[in-house]
$ cat work38.txt   # compact mmCIF, C-alpha atoms
# COMPACT_ATOMS: atom_id res chain seq x y z
CA MET A 1 0.00 0.00 0.00
CA ALA A 2 1.14 3.54 -0.70
CA LEU A 3 1.72 6.13 2.02
CA PHE A 4 -0.35 9.30 2.33
CA ASN A 5 2.49 11.55 1.16
CA ASP A 6 3.49 9.35 -1.81
CA GLY A 7 1.18 11.22 -4.17
CA PRO A 8 -2.50 11.50 -5.07
CA ILE A 9 -4.67 9.06 -3.13
CA SER A 10 -7.23 8.85 -5.93
CA ASP A 11 -7.51 9.86 -9.58
CA THR A 12 -10.21 10.79 -12.07
CA ALA A 13 -10.89 7.10 -12.79
CA ASP A 14 -11.88 6.68 -9.13
CA LEU A 15 -14.23 9.64 -9.42
CA GLN A 16 -15.81 8.14 -12.54
CA ARG A 17 -16.66 4.95 -10.65
CA TYR A 18 -19.11 7.07 -8.66
CA GLU A 19 -20.08 9.60 -11.34
CA ASN A 20 -19.78 8.47 -14.95
CA ALA A 21 -20.30 12.00 -16.29
CA ILE A 22 -17.89 13.77 -13.95
CA LEU A 23 -15.40 14.58 -16.73
CA ASN A 24 -18.12 16.19 -18.81
CA ILE A 25 -19.44 18.17 -15.85
CA ALA A 26 -15.95 19.37 -14.95
CA SER A 27 -15.34 20.45 -18.53
CA ALA A 28 -18.69 22.24 -18.84
CA GLU A 29 -18.21 24.09 -15.55
CA SER A 30 -14.46 24.76 -16.00
CA ILE A 31 -13.55 22.79 -12.89
CA ASP A 32 -10.01 21.41 -12.59
CA LEU A 33 -10.42 17.90 -11.17
CA GLY A 34 -6.70 17.60 -10.43
CA THR A 35 -6.88 20.67 -8.22
CA LYS A 36 -9.96 19.35 -6.42
CA LEU A 37 -8.25 16.00 -5.79
CA MET A 38 -5.28 17.87 -4.30
CA LEU A 39 -7.43 20.17 -2.13
CA ALA A 40 -9.45 17.22 -0.84
CA GLN A 41 -6.25 15.40 0.10
CA GLN A 42 -5.02 18.49 1.96
CA ASP A 43 -8.32 18.59 3.87
CA LEU A 44 -7.99 14.93 4.80
CA GLY A 45 -4.37 15.45 5.84
CA ASN A 46 -5.37 18.19 8.28
CA GLU A 47 -8.15 16.07 9.77
CA LEU A 48 -5.84 13.07 10.06
CA LEU A 49 -3.21 15.15 11.83
CA LEU A 50 -5.75 16.49 14.33
CA PHE A 51 -6.97 12.93 14.98
CA LEU A 52 -3.41 11.70 15.53
CA PHE A 53 -2.71 14.63 17.85
CA ARG A 54 -5.71 13.64 19.95
CA THR A 55 -4.70 9.98 20.08
CA SER A 56 -0.97 10.55 20.66
CA SER A 57 0.56 9.72 24.02
CA VAL A 58 1.59 12.56 26.32
CA ARG A 59 5.23 11.66 25.71
CA ASP A 60 4.88 11.76 21.94
CA TYR A 61 3.02 15.04 22.08
CA SER A 62 5.48 16.68 24.49
CA LEU A 63 8.45 15.65 22.35
CA GLY A 64 6.79 16.93 19.24
CA PHE A 65 7.03 13.53 17.55
CA ARG A 66 3.72 13.81 15.76
CA ARG A 67 4.36 17.41 14.74
CA TRP A 68 7.64 16.27 13.20
CA ARG A 69 6.26 13.18 11.48
CA GLU A 70 2.88 14.70 10.55
CA VAL A 71 1.11 12.11 8.33
CA LYS A 72 4.20 10.61 6.68
CA ASP A 73 3.47 7.22 8.31
CA VAL A 74 -0.21 6.98 7.31
CA VAL A 75 -0.97 4.11 4.93
CA VAL A 76 -3.55 4.60 2.15
CA THR A 77 -6.22 1.99 2.80
CA GLY A 78 -9.48 1.40 0.95
CA PRO A 79 -11.62 3.33 3.47
CA LEU A 80 -9.24 6.31 3.30
CA ARG A 81 -9.44 6.34 -0.50
CA GLN A 82 -13.24 6.21 -0.35
CA TRP A 83 -13.30 9.19 2.03
CA HIS A 84 -11.03 11.08 -0.36
CA VAL A 85 -13.25 10.36 -3.38
CA HIS A 86 -16.38 11.49 -1.55
CA ARG A 87 -14.67 14.67 -0.35
CA THR A 88 -13.42 15.46 -3.86
CA LEU A 89 -16.86 14.99 -5.42
CA ALA A 90 -18.41 17.22 -2.75
CA LEU A 91 -15.93 19.96 -3.69
CA VAL A 92 -16.67 19.51 -7.40
CA TYR A 93 -20.42 19.72 -7.03
CA ARG A 94 -20.14 22.64 -4.61
CA ASP A 95 -18.29 24.60 -7.28
CA ALA A 96 -20.68 23.47 -10.00
CA TYR A 97 -23.66 24.63 -7.93
CA ASN A 98 -22.08 27.98 -7.12
CA ASN A 99 -21.35 28.50 -10.82
CA GLN A 100 -24.92 27.87 -12.00
CA LEU A 101 -27.13 27.77 -8.87
CA ASN A 102 -28.50 24.58 -10.40
CA ASP A 103 -30.69 22.55 -8.02
CA ARG A 104 -29.44 19.31 -9.58
CA TYR A 105 -25.88 20.20 -8.58
CA GLN A 106 -27.04 21.25 -5.13
CA GLY A 107 -28.57 17.82 -4.62
CA LYS A 108 -25.33 16.12 -5.63
CA TRP A 109 -23.34 18.46 -3.39
CA THR A 110 -25.54 17.59 -0.41
CA GLU A 111 -25.38 13.89 -1.24
CA TYR A 112 -21.59 13.83 -1.31
CA GLU A 113 -21.26 15.99 1.80
CA ASN A 114 -23.32 13.37 3.63
CA LEU A 115 -21.30 10.54 2.10
CA THR A 116 -18.11 12.33 3.14
CA LYS A 117 -19.24 12.45 6.76
CA ALA A 118 -20.26 8.79 6.69
CA SER A 119 -17.05 7.54 5.04
CA LYS A 120 -14.93 9.63 7.41
CA ALA A 121 -16.70 8.08 10.42
CA THR A 122 -16.28 4.59 8.94
CA TYR A 123 -12.59 5.19 8.28
CA PHE A 124 -11.83 6.26 11.84
CA GLN A 125 -13.87 3.35 13.22
CA ILE A 126 -11.91 0.87 11.09
CA GLY A 127 -8.68 2.63 12.01
CA VAL A 128 -5.87 4.76 10.67
CA GLY A 129 -3.15 2.42 9.40
CA LEU A 130 0.37 3.47 10.45
CA VAL A 131 3.86 2.12 9.81
CA ALA A 132 6.72 2.29 12.28
CA ASP A 133 9.40 3.12 9.72
CA PRO A 134 7.81 4.76 6.68
CA VAL A 135 9.54 4.18 3.34
CA PRO A 136 8.49 6.78 0.75
CA LYS A 137 7.65 6.02 -2.84
CA ALA A 138 10.93 5.56 -4.70
CA ALA A 139 12.19 8.28 -6.99
CA THR A 140 12.34 7.59 -10.72
CA PRO A 141 15.43 5.47 -11.54
CA ILE A 142 18.13 6.48 -14.00
CA LEU A 143 18.45 4.16 -17.02
CA SER A 144 21.40 3.71 -19.35
CA SER A 145 23.13 0.92 -21.24
CA VAL A 146 26.61 -0.52 -21.66
CA ALA A 147 28.17 -2.77 -24.26
CA GLY A 148 27.59 -6.45 -23.59
CA THR A 149 26.07 -9.65 -24.88
CA ALA A 150 22.41 -9.21 -23.99
CA ALA A 151 19.67 -9.22 -26.61
CA GLY A 152 18.03 -5.89 -27.30
CA GLY A 153 14.44 -5.04 -26.53
CA ALA A 154 11.96 -2.55 -25.10
CA PHE A 155 11.98 -2.61 -21.29
CA TYR A 156 9.98 -0.98 -18.52
CA VAL A 157 11.68 -0.42 -15.18
CA ALA A 158 10.54 0.50 -11.68
CA VAL A 159 12.42 0.41 -8.39
CA THR A 160 11.48 0.24 -4.71
CA TRP A 161 13.34 1.52 -1.69
CA VAL A 162 13.89 -0.86 1.25
CA ASN A 163 14.47 -0.09 4.94
CA ALA A 164 16.59 -1.97 7.48
CA LEU A 165 13.63 -4.26 8.28
CA GLY A 166 13.38 -5.35 4.65
CA GLN A 167 10.13 -3.45 4.08
CA GLU A 168 9.60 -2.07 0.59
CA GLY A 169 7.94 1.24 -0.08
CA ALA A 170 5.69 1.96 -3.05
CA PRO A 171 7.35 1.48 -6.44
CA SER A 172 8.63 4.38 -8.49
CA ASP A 173 6.98 5.54 -11.67
CA PHE A 174 7.77 3.34 -14.68
CA VAL A 175 10.63 4.31 -16.98
CA PRO A 176 10.99 2.84 -20.52
CA LEU A 177 14.22 2.16 -22.39
CA VAL A 178 14.89 0.50 -25.76
CA THR A 179 18.20 -1.30 -26.25
CA THR A 180 19.73 -2.97 -29.29
CA ASN A 181 21.53 -6.30 -29.50
CA GLY A 182 24.86 -6.08 -27.72
CA GLN A 183 23.62 -3.54 -25.15
CA GLN A 184 22.89 -4.31 -21.51
CA LEU A 185 20.37 -2.34 -19.47
CA VAL A 186 21.83 -0.48 -16.44
CA VAL A 187 19.65 0.86 -13.61
CA THR A 188 20.85 3.39 -11.04
CA VAL A 189 19.12 5.20 -8.18
CA GLY A 190 19.92 8.68 -6.92
CA MET A 191 19.86 10.02 -3.37
CA THR A 192 17.72 8.03 -0.94
CA PRO A 193 16.16 8.95 2.43
CA GLN A 194 18.22 8.28 5.54
CA ASN A 195 16.20 5.22 6.60
CA VAL A 196 16.55 3.53 3.20
CA THR A 197 19.34 0.95 3.27
CA SER A 198 18.87 -0.80 -0.08
CA TRP A 199 16.69 -1.04 -3.18
CA ASN A 200 15.12 -3.52 -5.57
CA VAL A 201 14.69 -3.36 -9.34
CA TYR A 202 11.69 -4.63 -11.30
CA VAL A 203 11.86 -5.02 -15.09
CA GLY A 204 9.45 -6.25 -17.73
CA THR A 205 8.66 -6.03 -21.42
CA SER A 206 5.15 -4.72 -20.67
CA LEU A 207 3.69 -2.49 -17.98
CA ALA A 208 1.36 -5.31 -16.99
CA MET A 209 4.18 -7.55 -15.77
CA LEU A 210 7.30 -6.27 -14.05
CA ASN A 211 9.28 -8.79 -12.00
CA LEU A 212 12.04 -8.59 -9.39
CA GLN A 213 15.46 -8.97 -11.01
CA ASN A 214 17.98 -8.84 -8.15
CA GLN A 215 18.43 -11.84 -5.88
CA ASP A 216 19.36 -9.73 -2.83
CA PRO A 217 18.57 -6.06 -2.13
CA LEU A 218 21.11 -3.72 -3.73
CA GLY A 219 23.14 -1.19 -1.78
CA THR A 220 22.15 2.42 -2.28
CA SER A 221 25.47 3.16 -3.97
CA SER A 222 25.23 0.14 -6.31
CA ASN A 223 23.70 -0.12 -9.75
CA TRP A 224 22.12 -3.11 -11.49
CA THR A 225 23.12 -4.42 -14.92
CA MET A 226 21.06 -6.94 -16.87
CA SER A 227 23.49 -9.70 -17.79
CA SER A 228 21.15 -12.01 -19.74
CA GLY A 229 17.41 -12.54 -20.01
CA LEU A 230 14.87 -11.32 -17.49
CA ASN A 231 14.32 -13.28 -14.28
CA PRO A 232 10.76 -14.43 -13.44
CA GLY A 233 11.01 -12.96 -9.94
CA ALA A 234 8.35 -11.65 -7.58
CA PRO A 235 5.80 -9.23 -9.05
CA LEU A 236 5.87 -5.52 -8.37
CA PRO A 237 4.68 -4.86 -4.78
CA GLY A 238 2.16 -2.25 -3.69
CA GLY A 239 4.08 -0.77 -0.77
CA GLN A 240 4.12 -1.12 3.01
CA GLN A 241 1.34 -2.75 4.99
CA PRO A 242 0.16 -1.08 8.22
CA THR A 243 2.11 -2.05 11.33
CA TRP A 244 -0.85 -1.09 13.54
CA PHE A 245 -4.16 0.74 13.42
CA VAL A 246 -5.25 3.67 15.57
CA VAL A 247 -8.97 3.57 16.31
CA ASP A 248 -10.24 6.48 18.38
CA HIS A 249 -8.18 6.05 21.57
CA ARG A 250 -7.44 2.37 21.03
CA VAL A 251 -4.67 0.70 19.06
CA ILE A 252 -5.37 -2.61 17.27
CA GLU A 253 -2.24 -4.58 16.36
CA ARG A 254 -2.12 -6.21 12.93
CA GLY A 255 -1.44 -9.92 12.80

$ encode --input "work38.txt" --output "structure tokens"
Amino acid sequence: MALFNDGPISDTADLQRYENAILNIASAESIDLGTKLMLAQQDLGNELLLFLFRTSSVRDYSLGFRRWREVKDVVVTGPLRQWHVHRTLALVYRDAYNNQLNDRYQGKWTEYENLTKASKATYFQIGVGLVADPVPKAATPILSSVAGTAAGGAFYVAVTWVNALGQEGAPSDFVPLVTTNGQQLVVTVGMTPQNVTSWNVYVGTSLAMLNLQNQDPLGTSSNWTMSSGLNPGAPLPGGQQPTWFVVDHRVIERG
């Protein structure tokens, strides 16, 4: 699972699952859906931080731990994504109504405001998933090639960062590279966060199937070179799973 700060929680495809015509409405009313998705995520971030302040221990609060970490350790779960979609649609229909004072838009605005309240309550009842050592989404890798004996081809590459516990963060964005016969693909990562101790590389000939290529995690100062064909390793992971859940003033351990 991705972390809250890894990027957008939801996208326009998620909005369309609730409202098939949302792209047409946004276009007709000159509403930027990307901006609304961002604003909704900021709203959720503030509410999450207030919730975590209230549920933090006195020691954590006095040391400023939560103020320092903010929501960097929050895992994006299904209920959190649903809350975000509802909040975004409420913002969209609020703007649409204020543009036209159309009762149809007002009804949708009210509907999604109510759904936002309900999904928020459900989310906090299920629990805010947290990780002890958050690993951010990996930065885009650097691709190159060197002379060798490998067969050429079109490759897609993504990498993940790994912490000292062996936990992988969310994969980087995909990067394509085409090589010719006699060239070997080389993958390098740039600067990594302090808690990242190694990284993994996933390569495939289609975006639908990228597999782990290194047998052991690679050091942050090492690169990876494809020496022959692709290995049928583990599939691309989705990121860290919650270590625990915070529910109101109770903590439910995972396991």

$ closest_residue --input "work38.txt" --among "A:Thr243, A:Ser206, A:Asn200, A:Gln106" --to "Asn223 (chain A)" --atoms "all atoms listed in the file"
A:Asn200

$ residues_around --input "work38.txt" --residues "Val175 (chain A)" --least-positions-apart "2" --cutoff "8 Å" --atoms "all atoms listed in the file" --output "PyMOL selection string"
chain A and resi 140-141+143+156-158+173+177

$ write_last_selection --input "work38.txt" --atoms "C-alpha atoms" --output "short mmCIF file (atom, residue, chain, number, x, y, z; two decimals), keeping the file's coordinate frame"
data_model
loop_
_atom_site.label_atom_id
_atom_site.label_comp_id
_atom_site.auth_asym_id
_atom_site.auth_seq_id
_atom_site.Cartn_x
_atom_site.Cartn_y
_atom_site.Cartn_z
CA THR A 140 12.34 7.59 -10.72
CA PRO A 141 15.43 5.47 -11.54
CA LEU A 143 18.45 4.16 -17.02
CA TYR A 156 9.98 -0.98 -18.52
CA VAL A 157 11.68 -0.42 -15.18
CA ALA A 158 10.54 0.50 -11.68
CA ASP A 173 6.98 5.54 -11.67
CA LEU A 177 14.22 2.16 -22.39
#

$ residues_around --input "work38.txt" --residues "region 95-105 of chain A" --least-positions-apart "3" --cutoff "12 Å" --atoms "only C-alpha atoms" --output "count of residues only"
22

$ closest_residue --input "work38.txt" --among "A:Asp216, A:Leu49, A:Asn195, A:Arg17" --to "Trp68 (chain A)" --atoms "only C-alpha atoms"
A:Leu49

$ atom_distance --input "work38.txt" --atom1 "CA of Asn163 (chain A)" --atom2 "CA of Leu210 (chain A)"
21.2 Å

$ residues_around --input "work38.txt" --residues "Pro136 (chain A)" --least-positions-apart "5" --cutoff "7 Å" --atoms "all atoms listed in the file" --output "count of residues only"
4

$ closest_residue --input "work38.txt" --among "A:Leu165, A:Gly148, A:Pro242, A:Asn214" --to "Ser228 (chain A)" --atoms "all atoms listed in the file"
A:Gly148

$ build_atoms --input "work38.txt" --residues "region 160-179 of chain A" --atoms "N, CA and C atoms" --output "compact mmCIF listing (two decimals), in the frame of the given file"
# COMPACT_ATOMS: atom_id res chain seq x y z
N THR A 160 12.03 -0.02 -6.04
CA THR A 160 11.48 0.24 -4.71
C THR A 160 12.63 0.47 -3.75
N TRP A 161 12.37 1.32 -2.76
CA TRP A 161 13.34 1.52 -1.69
C TRP A 161 13.01 0.57 -0.54
N VAL A 162 14.03 0.14 0.19
CA VAL A 162 13.89 -0.86 1.25
C VAL A 162 14.53 -0.34 2.52
N ASN A 163 13.87 -0.51 3.67
CA ASN A 163 14.47 -0.09 4.94
C ASN A 163 15.23 -1.23 5.60
N ALA A 164 15.75 -0.98 6.79
CA ALA A 164 16.59 -1.97 7.48
C ALA A 164 15.80 -3.22 7.87
N LEU A 165 14.48 -3.12 7.94
CA LEU A 165 13.63 -4.26 8.28
C LEU A 165 13.25 -5.07 7.05
N GLY A 166 13.72 -4.65 5.88
CA GLY A 166 13.38 -5.35 4.65
C GLY A 166 12.03 -4.96 4.07
N GLN A 167 11.44 -3.89 4.56
CA GLN A 167 10.13 -3.45 4.08
C GLN A 167 10.31 -2.55 2.86
N GLU A 168 9.54 -2.84 1.82
CA GLU A 168 9.60 -2.07 0.59
C GLU A 168 8.52 -0.98 0.58
N GLY A 169 8.91 0.19 0.12
CA GLY A 169 7.94 1.24 -0.08
C GLY A 169 7.24 1.06 -1.41
N ALA A 170 6.40 2.02 -1.77
CA ALA A 170 5.69 1.96 -3.05
C ALA A 170 6.68 2.09 -4.20
N PRO A 171 6.42 1.42 -5.31
CA PRO A 171 7.35 1.48 -6.44
C PRO A 171 7.36 2.85 -7.10
N SER A 172 8.48 3.15 -7.74
CA SER A 172 8.63 4.38 -8.49
C SER A 172 7.71 4.39 -9.71
N ASP A 173 7.64 5.51 -10.37
CA ASP A 173 6.98 5.54 -11.67
C ASP A 173 7.79 4.69 -12.66
N PHE A 174 7.11 4.17 -13.68
CA PHE A 174 7.77 3.34 -14.68
C PHE A 174 8.64 4.22 -15.59
N VAL A 175 9.76 3.64 -16.02
CA VAL A 175 10.63 4.31 -16.98
C VAL A 175 10.92 3.33 -18.12
N PRO A 176 10.71 3.74 -19.39
CA PRO A 176 10.99 2.84 -20.52
C PRO A 176 12.39 3.07 -21.09
N LEU A 177 12.94 2.04 -21.67
CA LEU A 177 14.22 2.16 -22.39
C LEU A 177 14.27 1.08 -23.47
N VAL A 178 14.71 1.45 -24.66
CA VAL A 178 14.89 0.50 -25.76
C VAL A 178 16.38 0.30 -25.97
N THR A 179 16.79 -0.97 -25.99
CA THR A 179 18.20 -1.30 -26.25
C THR A 179 18.28 -2.12 -27.53
